[in-house]
file work_22.cif (mmCIF, C-alpha atoms)
data_target
loop_
_atom_site.label_atom_id
_atom_site.label_comp_id
_atom_site.auth_asym_id
_atom_site.auth_seq_id
_atom_site.Cartn_x
_atom_site.Cartn_y
_atom_site.Cartn_z
CA MET V 1 -73.81 -43.30 -58.66
CA GLY V 2 -74.31 -39.57 -58.28
CA ARG V 3 -77.24 -37.23 -58.70
CA LYS V 4 -76.87 -36.76 -62.48
CA ALA V 5 -76.80 -40.52 -63.07
CA LEU V 6 -79.89 -40.97 -60.92
CA GLU V 7 -81.69 -38.18 -62.80
CA THR V 8 -80.88 -39.98 -66.06
CA ILE V 9 -82.33 -43.34 -65.00
CA ARG V 10 -85.17 -42.15 -62.73
CA PRO V 11 -87.85 -41.91 -65.46
CA TYR V 12 -87.17 -45.53 -66.44
CA ILE V 13 -87.31 -46.71 -62.84
CA GLU V 14 -90.63 -44.92 -62.35
CA ARG V 15 -92.06 -46.68 -65.39
CA ALA V 16 -90.89 -50.05 -64.01
CA LEU V 17 -92.44 -49.25 -60.64
CA GLY V 18 -95.63 -48.49 -62.56
CA GLY V 19 -95.68 -52.11 -63.72
CA GLU V 20 -94.05 -51.73 -67.14
CA ILE V 21 -91.10 -53.78 -68.42
CA VAL V 22 -88.62 -51.13 -69.54
CA GLU V 23 -85.68 -51.61 -71.91
CA TYR V 24 -83.39 -48.79 -72.96
CA GLU V 25 -79.87 -47.71 -73.86
CA ALA V 26 -78.48 -44.51 -72.38
CA GLU V 27 -75.30 -42.73 -71.55
CA VAL V 28 -75.27 -42.50 -67.76
CA PRO V 29 -72.94 -39.90 -66.16
CA PHE V 30 -71.65 -41.79 -63.10
CA SER V 31 -69.86 -39.56 -60.60
CA ALA V 32 -66.94 -41.95 -59.96
CA ALA V 33 -66.67 -44.02 -63.16
CA GLY V 34 -67.51 -41.20 -65.57
CA PRO V 35 -69.97 -41.54 -68.46
CA ARG V 36 -70.86 -45.12 -69.40
CA PHE V 37 -73.24 -46.40 -72.07
CA LEU V 38 -75.63 -48.98 -70.65
CA HIS V 39 -78.18 -51.38 -72.05
CA VAL V 40 -80.77 -51.84 -69.33
CA VAL V 41 -83.89 -53.93 -68.78
CA TYR V 42 -86.04 -53.27 -65.72
CA THR V 43 -88.66 -55.88 -64.87
CA PRO V 44 -91.24 -55.03 -62.19
CA TRP V 45 -91.13 -57.24 -59.06
CA LYS V 46 -94.70 -58.05 -58.10
CA GLU V 47 -95.96 -59.42 -54.80
CA SER V 48 -98.53 -62.22 -54.65
CA ASP V 49 -101.31 -59.62 -54.60
CA GLY V 50 -100.02 -58.11 -57.89
CA GLN V 51 -98.62 -54.95 -56.31
CA VAL V 52 -95.24 -53.79 -57.62
CA SER V 53 -92.77 -53.67 -54.74
CA GLY V 54 -89.56 -53.16 -56.69
CA TRP V 55 -87.80 -54.13 -59.87
CA VAL V 56 -85.16 -56.47 -61.18
CA ALA V 57 -82.47 -54.85 -63.31
CA SER V 58 -80.35 -56.44 -66.03
CA ILE V 59 -77.57 -53.99 -66.89
CA THR V 60 -74.87 -54.41 -69.53
CA ASP V 61 -72.07 -51.91 -70.00
CA ILE V 62 -71.93 -51.29 -73.77
CA THR V 63 -69.49 -48.37 -73.66
CA GLU V 64 -66.82 -50.12 -75.72
CA ARG V 65 -69.35 -51.23 -78.35
CA LYS V 66 -70.63 -47.65 -78.64
CA ARG V 67 -67.07 -46.35 -79.06
CA VAL V 68 -66.38 -48.92 -81.78
CA GLU V 69 -69.65 -48.02 -83.55
CA GLU V 70 -68.77 -44.31 -83.44
CA SER V 71 -65.27 -45.01 -84.74
CA LEU V 72 -66.77 -47.07 -87.58
CA ARG V 73 -69.21 -44.26 -88.45
CA GLU V 74 -66.33 -41.77 -88.54
CA SER V 75 -64.26 -44.11 -90.72
CA GLU V 76 -67.17 -44.62 -93.13
CA THR V 77 -67.70 -40.87 -93.36
CA ARG V 78 -64.01 -40.26 -94.10
CA TYR V 79 -64.00 -43.00 -96.76
CA ARG V 80 -67.22 -41.72 -98.37
CA THR V 81 -65.83 -38.19 -98.47
CA LEU V 82 -62.54 -39.40 -99.95
CA VAL V 83 -64.34 -41.36 -102.69
CA GLU V 84 -66.79 -38.59 -103.52
CA LEU V 85 -64.11 -35.89 -103.66
CA SER V 86 -61.53 -38.00 -105.49
CA PRO V 87 -60.51 -36.59 -108.87
CA ASP V 88 -60.06 -40.22 -109.99
CA ALA V 89 -62.94 -42.43 -111.09
CA VAL V 90 -63.96 -44.87 -108.36
CA LEU V 91 -66.45 -47.56 -109.25
CA VAL V 92 -67.71 -50.72 -107.60
CA SER V 93 -68.91 -53.70 -109.58
CA GLN V 94 -70.59 -56.97 -108.66
CA ASN V 95 -70.34 -59.78 -111.20
CA GLY V 96 -69.29 -57.23 -113.82
CA THR V 97 -72.26 -54.90 -113.21
CA ILE V 98 -71.46 -51.39 -111.98
CA VAL V 99 -73.32 -50.77 -108.71
CA PHE V 100 -71.59 -47.51 -107.71
CA ILE V 101 -69.57 -44.81 -109.44
CA ASN V 102 -68.43 -41.48 -108.03
CA GLN V 103 -69.03 -38.14 -109.79
CA ALA V 104 -65.50 -38.01 -111.22
CA GLY V 105 -66.13 -41.44 -112.71
CA ALA V 106 -69.43 -40.40 -114.21
CA GLN V 107 -67.70 -37.41 -115.81
CA MET V 108 -64.86 -39.60 -117.11
CA PHE V 109 -67.46 -41.84 -118.76
CA GLY V 110 -69.09 -38.74 -120.27
CA ALA V 111 -72.25 -39.06 -118.18
CA LYS V 112 -74.06 -36.21 -116.47
CA THR V 113 -75.03 -38.38 -113.50
CA ALA V 114 -73.86 -41.61 -111.94
CA GLU V 115 -77.29 -43.12 -112.60
CA GLU V 116 -76.48 -43.23 -116.32
CA ILE V 117 -73.67 -45.71 -115.58
CA VAL V 118 -74.96 -47.70 -112.61
CA ARG V 119 -76.56 -51.07 -113.49
CA THR V 120 -74.59 -51.36 -116.73
CA SER V 121 -71.79 -53.82 -117.49
CA GLY V 122 -68.37 -52.37 -116.81
CA TYR V 123 -66.94 -54.56 -119.55
CA ASP V 124 -69.01 -52.70 -122.17
CA TYR V 125 -66.81 -49.62 -121.65
CA LEU V 126 -63.43 -51.33 -121.97
CA ASP V 127 -61.30 -51.76 -125.06
CA PRO V 128 -62.51 -55.10 -126.51
CA SER V 129 -58.94 -56.40 -126.54
CA PHE V 130 -58.80 -55.93 -122.74
CA VAL V 131 -62.18 -57.40 -121.75
CA GLU V 132 -61.02 -61.01 -121.29
CA ARG V 133 -58.03 -59.86 -119.27
CA ALA V 134 -60.32 -57.66 -117.15
CA ARG V 135 -62.61 -60.62 -116.44
CA GLU V 136 -59.62 -62.74 -115.39
CA ARG V 137 -58.32 -59.93 -113.16
CA ALA V 138 -61.73 -59.56 -111.50
CA GLN V 139 -61.97 -63.31 -110.93
CA LYS V 140 -58.48 -63.40 -109.41
CA ILE V 141 -59.28 -60.42 -107.17
CA MET V 142 -62.44 -62.11 -105.94
CA GLN V 143 -60.69 -65.43 -105.29
CA GLU V 144 -57.42 -64.22 -103.80
CA GLY V 145 -58.36 -60.83 -102.35
CA LEU V 146 -55.15 -59.25 -103.62
CA PRO V 147 -55.14 -55.94 -105.49
CA ALA V 148 -54.64 -55.97 -109.25
CA GLN V 149 -51.50 -54.41 -110.66
CA LEU V 150 -51.84 -50.96 -112.16
CA THR V 151 -52.35 -51.38 -115.89
CA GLU V 152 -53.22 -49.27 -118.91
CA THR V 153 -56.15 -49.69 -121.27
CA ARG V 154 -58.77 -47.61 -123.03
CA LEU V 155 -62.22 -46.58 -121.84
CA ARG V 156 -65.10 -46.03 -124.27
CA ARG V 157 -67.08 -43.00 -123.18
CA LEU V 158 -70.84 -42.69 -123.70
CA ASP V 159 -70.28 -40.54 -126.79
CA GLY V 160 -68.14 -43.32 -128.35
CA THR V 161 -64.80 -41.56 -127.95
CA TRP V 162 -61.87 -43.38 -126.36
CA LEU V 163 -59.92 -42.31 -123.32
CA ASP V 164 -56.53 -43.74 -122.33
CA ILE V 165 -56.63 -44.76 -118.68
CA GLU V 166 -54.70 -46.59 -116.03
CA VAL V 167 -56.69 -48.78 -113.67
CA THR V 168 -56.20 -50.77 -110.51
CA ALA V 169 -58.72 -52.77 -108.53
CA ASN V 170 -59.23 -54.54 -105.22
CA ARG V 171 -61.82 -56.69 -103.44
CA ILE V 172 -64.14 -54.94 -100.99
CA VAL V 173 -67.49 -55.56 -99.34
CA PHE V 174 -70.12 -53.16 -100.66
CA GLN V 175 -73.69 -53.22 -99.37
CA GLY V 176 -73.03 -56.62 -97.83
CA GLN V 177 -71.69 -58.25 -101.01
CA THR V 178 -68.14 -59.04 -102.01
CA SER V 179 -67.34 -56.68 -104.87
CA VAL V 180 -64.54 -55.28 -107.00
CA GLN V 181 -63.60 -51.64 -106.50
CA SER V 182 -61.75 -50.12 -109.46
CA ILE V 183 -59.93 -46.82 -109.64
CA PHE V 184 -59.39 -45.25 -113.06
CA ARG V 185 -57.17 -42.32 -113.97
CA ASP V 186 -57.06 -40.43 -117.26
CA ILE V 187 -53.55 -40.62 -118.66
#
call {"tool": "encode", "arguments": {"input": "work_22.cif", "output": "structure tokens"}}
result
Amino acid sequence: MGRKALETIRPYIERALGGEIVEYEAEVPFSAAGPRFLHVVYTPWKESDGQVSGWVASITDITERKRVEESLRESETRYRTLVELSPDAVLVSQNGTIVFINQAGAQMFGAKTAEEIVRTSGYDYLDPSFVERARERAQKIMQEGLPAQLTETRLRRLDGTWLDIEVTANRIVFQGQTSVQSIFRDI
């Protein structure tokens, strides 16, 4: 085990020997195996007179799970940074309602903040001649999970002016719900 590993777990053992059920997760620096993440439960072992004479340990090595969680956090951070710094508009809609738009998107729509656009219908900003096609594309994306072909249309900005754009979209999961992510570019 090694001295450093023992120093890491000693406070928990002392609590168990004091009669407390102890559950924790920790990175334990084993001398031979190297650092391992563990999920541990110590249950005091009591004699018939109630005195604690030891403990029972349930130990699960969760190192791989921790590595996967860290990798996922890093991936989410990279994706969030990419979306926020993208010069293209990136928006996410659920049942036609915009639930997220990046700053470039807000600017493309002529808004000062994303909050001006969020919770509005994305279809309200499209050229009326494209709305039915957009609904069909969204439905197909949701059903089949395949990305929509890049296409051109017009976007009505908040001030009423029109902007020629190209747009593509794909199905994603956003905040636990299947959604449509669209990427717009001013052409």
call {"tool": "atom_distance", "arguments": {"input": "work_22.cif", "atom1": "atom CA of Ile165 of chain V", "atom2": "atom CA of Ala134 of chain V"}}
result
13.5 Å
call {"tool": "resolve_selection", "arguments": {"input": "work_22.cif", "expression": "the PyMOL selection byres ((chain V and resi 109) around 9)", "output": "short mmCIF file (atom, residue, chain, number, x, y, z; two decimals) with C-alpha atoms, in the frame of the given file"}}
result
data_model
loop_
_atom_site.label_atom_id
_atom_site.label_comp_id
_atom_site.auth_asym_id
_atom_site.auth_seq_id
_atom_site.Cartn_x
_atom_site.Cartn_y
_atom_site.Cartn_z
CA ALA V 89 -62.94 -42.43 -111.09
CA ALA V 104 -65.50 -38.01 -111.22
CA GLY V 105 -66.13 -41.44 -112.71
CA ALA V 106 -69.43 -40.40 -114.21
CA GLN V 107 -67.70 -37.41 -115.81
CA MET V 108 -64.86 -39.60 -117.11
CA GLY V 110 -69.09 -38.74 -120.27
CA ALA V 111 -72.25 -39.06 -118.18
CA LYS V 112 -74.06 -36.21 -116.47
CA ILE V 117 -73.67 -45.71 -115.58
CA TYR V 125 -66.81 -49.62 -121.65
CA LEU V 155 -62.22 -46.58 -121.84
CA ARG V 156 -65.10 -46.03 -124.27
CA ARG V 157 -67.08 -43.00 -123.18
CA LEU V 158 -70.84 -42.69 -123.70
CA ASP V 159 -70.28 -40.54 -126.79
CA LEU V 163 -59.92 -42.31 -123.32
#
call {"tool": "closest_residue", "arguments": {"input": "work_22.cif", "among": "V:Arg137, V:Pro87, V:Gly19, V:Leu146", "to": "Trp45 of chain V", "atoms": "all atoms listed in the file"}}
result
V:Gly19
call {"tool": "closest_residue", "arguments": {"input": "work_22.cif", "among": "V:Leu38, V:Leu126, V:Val52, V:Val90", "to": "Gly18 of chain V", "atoms": "only C-alpha atoms"}}
result
V:Val52
call {"tool": "atom_distance", "arguments": {"input": "work_22.cif", "atom1": "atom CA of Leu72 of chain V", "atom2": "atom CA of Leu85 of chain V"}}
result
19.8 Å
call {"tool": "residues_around", "arguments": {"input": "work_22.cif", "residues": "Glu23 of chain V", "least_positions_apart": "4", "cutoff": "9 Å", "atoms": "only C-alpha atoms", "output": "VMD selection string"}}
result
chain V and resid 12 39 to 43
call {"tool": "residues_around", "arguments": {"input": "work_22.cif", "residues": "Ser182 of chain V", "least_positions_apart": "3", "cutoff": "6 Å", "atoms": "all atoms listed in the file", "output": "count of residues only"}}
result
4
call {"tool": "resolve_selection", "arguments": {"input": "work_22.cif", "expression": "the PyMOL selection byres ((chain V and resi 30) around 8)", "output": "PyMOL selection string"}}
result
chain V and resi 1-2+4-5+28-29+31-36
call {"tool": "resolve_selection", "arguments": {"input": "work_22.cif", "expression": "the PyMOL selection byres ((chain V and resi 153) around 7)", "output": "list in words"}}
result
Asp127, Phe130, Thr151, Glu152, Arg154, Leu155, Asp164, Ile165 and Glu166 of chain V
call {"tool": "atom_distance", "arguments": {"input": "work_22.cif", "atom1": "atom CA of Lys46 of chain V", "atom2": "atom CA of Arg15 of chain V"}}
result
13.8 Å
call {"tool": "closest_residue", "arguments": {"input": "work_22.cif", "among": "V:Gly160, V:Ser121, V:Ala148, V:Tyr24", "to": "Ser58 of chain V", "atoms": "all atoms listed in the file"}}
result
V:Tyr24
call {"tool": "residues_around", "arguments": {"input": "work_22.cif", "residues": "segment 174-176 of chain V", "least_positions_apart": "3", "cutoff": "10 Å", "atoms": "only C-alpha atoms", "output": "short mmCIF file (atom, residue, chain, number, x, y, z; two decimals) with C-alpha atoms, keeping the file's coordinate frame"}}
result
data_model
loop_
_atom_site.label_atom_id
_atom_site.label_comp_id
_atom_site.auth_asym_id
_atom_site.auth_seq_id
_atom_site.Cartn_x
_atom_site.Cartn_y
_atom_site.Cartn_z
CA VAL V 92 -67.71 -50.72 -107.60
CA SER V 93 -68.91 -53.70 -109.58
CA GLN V 94 -70.59 -56.97 -108.66
CA VAL V 99 -73.32 -50.77 -108.71
CA PHE V 100 -71.59 -47.51 -107.71
CA ARG V 171 -61.82 -56.69 -103.44
CA SER V 179 -67.34 -56.68 -104.87
CA VAL V 180 -64.54 -55.28 -107.00
CA GLN V 181 -63.60 -51.64 -106.50
#
call {"tool": "closest_residue", "arguments": {"input": "work_22.cif", "among": "V:Gln149, V:Ser48, V:Asn95, V:Gln103", "to": "Leu82 of chain V", "atoms": "all atoms listed in the file"}}
result
V:Gln103
call {"tool": "residues_near_point", "arguments": {"input": "work_22.cif", "point": "(-77.8, -48.3, -111.4)", "cutoff": "10 Å", "atoms": "only C-alpha atoms", "output": "list in words"}}
result
Thr97, Ile98, Val99, Phe100, Ile101, Ala114, Glu115, Glu116, Ile117, Val118, Arg119 and Thr120 of chain V
